[in-house]
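Peer 1: The structure that follows is given in the form of C-alpha cells.
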Amino acid sequence: MTLTPFSLTHVVYSSDDPLGPLWALLSLAPPFCVVSLTTVIVVGRDLRAAFVLVGLIITSIISTVLKKIIGHERPDHIFGTAVGVANDDEQSSDMLLHVPVSQQEGMPSNHSAFVAFTGTFALLFAIRRCGRMQGTALVRSIKRWGAPAGAWTIATGCAYSRVHLGYHTHAQVYAGFFLGCVFGVVWYRLYETAYICNAHKLESLLAPFDFRSPHEVRDLAAERRKSLDARRQLDAQRKSD
C-alpha cells in the first residue's frame, strides 16, 4: 500500500533544530489563513472576507499553473534526504512522502505567494481605508497598523521557513513573494474599483443568507450624501445667480 501525504498540512523538520516546530507552524500559515477567513465568512457572513478568500484561491491557482509551465524542481534533497536525516536507502525512500513526486515543481512557491498576497492586501487596506479611527494616537496606530504588521511578520517567517525546511530554493520563494505582491495590488485595485461600488448590490442579492459588507455600504452611502449636498449647493448657487 502506498501512502500519500496531504501536502498542504504535511511538514517535517529536523529534531535537532530547537526552532523546528516554530518554522513548521509558520509554514502552515496559508491553511490557517483559509480556515480563519472561512470562519469569518460562515459565522460573520462577511462579504469582504469572501472577496479576499477568492483572491487567495486565484493566487494559488496561478502559482500552481506557473509551476507546471516553468518546471523548476524543488531542492534535490527533498526527494532524497532531509535536514538532519541520514542518507540510507530506507530513509531516502521514506522522504518521498514529504513531497509527492507529482509536486516536484517549486517555482514559484505557492506558500510565499499566498502570504505575500495577504500582507500586501492588508497593508493597502490600512493605507487607503483605515484613516478614520477613534481613540488615542497609540490606539489608532495599533488599530491601523497592527494587522498589516502581523501579516507581514507571518509572511516573512513563512517564506523563510520554506527555505529553512528545505522545501524551496531562495529563487522559488522570491518568485512566489513577487507574484503574491503583484496580484495583491491588482486584487486590491479591484476591491476599490469594483467591489466597493457593488457591495450594496451583493448585499441585496445575498440578503436571504444574511451576508453583509457594512463598511463598504457605509462608505458608499457617505459618498452619495456628499454628492447630494454638492448638488444642492450648486442648485442654490445657480438660483441665487
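The chains in the C-alpha cells are called A, B, ... from first to last as shown; in each chain the residues are counted from 1, and the ligands are counted from 1 in the order shown.
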Taking 4 positions as the minimum chain separation for residues in the same chain, which residues sit within 12 Å of Gly20 (chain A) when counting only C-alpha atoms? Answer as a ChimeraX atom specification.

Peer 2: /A:11-16,24-27,83-84,161-162,164-166

Peer 1: Taking only C-alpha atoms into account, produce a table as JSON lines in which each residue of region 4-40 of chain A with an atom at most 10 Å from an atom of region 111-130 of chain A appears once, together with its shortest atom pair and the distance in Å to one decimal, ordered by chain and rising number.

Peer 2:
```
{"residue": "A:Leu8", "atom": "CA", "partner": "A:His111", "partner_atom": "CA", "distance": 9.3}
{"residue": "A:Ser27", "atom": "CA", "partner": "A:His111", "partner_atom": "CA", "distance": 7.5}
{"residue": "A:Leu28", "atom": "CA", "partner": "A:His111", "partner_atom": "CA", "distance": 8.3}
{"residue": "A:Ala29", "atom": "CA", "partner": "A:Val115", "partner_atom": "CA", "distance": 7.4}
{"residue": "A:Pro30", "atom": "CA", "partner": "A:Phe114", "partner_atom": "CA", "distance": 6.4}
{"residue": "A:Pro31", "atom": "CA", "partner": "A:His111", "partner_atom": "CA", "distance": 9.4}
{"residue": "A:Cys33", "atom": "CA", "partner": "A:Val115", "partner_atom": "CA", "distance": 8.8}
```

Peer 1: Can you write out the residues you just picked, keeping N, CA and C atoms, as an mmCIF file, in the first residue's frame?

Peer 2:
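Saved result, selection26.cif, follows:
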```
data_model
loop_
_atom_site.group_PDB
_atom_site.id
_atom_site.type_symbol
_atom_site.label_atom_id
_atom_site.label_comp_id
_atom_site.auth_asym_id
_atom_site.auth_seq_id
_atom_site.Cartn_x
_atom_site.Cartn_y
_atom_site.Cartn_z
ATOM 1 N N LEU A 8 -0.663 19.962 1.891
ATOM 2 C CA LEU A 8 -0.958 21.295 2.416
ATOM 3 C C LEU A 8 -0.646 21.417 3.908
ATOM 4 N N SER A 27 5.152 27.654 8.427
ATOM 5 C CA SER A 27 4.966 27.096 7.094
ATOM 6 C C SER A 27 3.509 26.749 6.820
ATOM 7 N N LEU A 28 2.744 26.554 7.892
ATOM 8 C CA LEU A 28 1.325 26.220 7.750
ATOM 9 C C LEU A 28 0.429 27.462 7.788
ATOM 10 N N ALA A 29 1.018 28.638 7.649
ATOM 11 C CA ALA A 29 0.240 29.878 7.678
ATOM 12 C C ALA A 29 -0.883 29.907 6.636
ATOM 13 N N PRO A 30 -0.663 29.472 5.387
ATOM 14 C CA PRO A 30 -1.756 29.507 4.396
ATOM 15 C C PRO A 30 -3.001 28.731 4.799
ATOM 16 N N PRO A 31 -2.895 27.446 5.203
ATOM 17 C CA PRO A 31 -4.133 26.760 5.613
ATOM 18 C C PRO A 31 -4.779 27.382 6.842
ATOM 19 N N CYS A 33 -4.791 30.544 7.504
ATOM 20 C CA CYS A 33 -5.463 31.744 6.983
ATOM 21 C C CYS A 33 -6.779 31.374 6.312
#
```

Peer 1: Between A:Pro148, A:Gly106, A:Gly44, A:Gly55, which is the closest to Gly71 (chain A) once you count only C-alpha atoms?

Peer 2: A:Gly106

Peer 1: Where in region 122-179 of chain A does DSSP assign helix (DSSP H, G or I), given as a PyMOL selection string?

Peer 2: chain A and resi 122-129+137-164+170-179

Peer 1: Could you give me, as an MDAnalysis selection string, the residues within 10 Å of Asp210 (chain A), counting only C-alpha atoms and dropping anything in the same chain fewer than 4 positions from it?

Peer 2: chainID A and resid 44:47 203:206

Peer 1: Which one is closest to Gly180 (chain A): A:Thr156, A:Gln104, A:Thr38, A:Asn110? Count only C-alpha atoms.

Peer 2: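 Checking each of A:Thr156, A:Gln104, A:Thr38, A:Asn110 against Gly180 (chain A), counting only C-alpha atoms, the winner is A:Asn110.
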
Peer 1: Leaving out Val173 (chain A) and any residue of its chain fewer than 6 positions from it, which residues lie within 7 Å of it when counting only C-alpha atoms, given as JSON, numbers by chain?

Peer 2: {"A": [108, 109, 112, 159]}
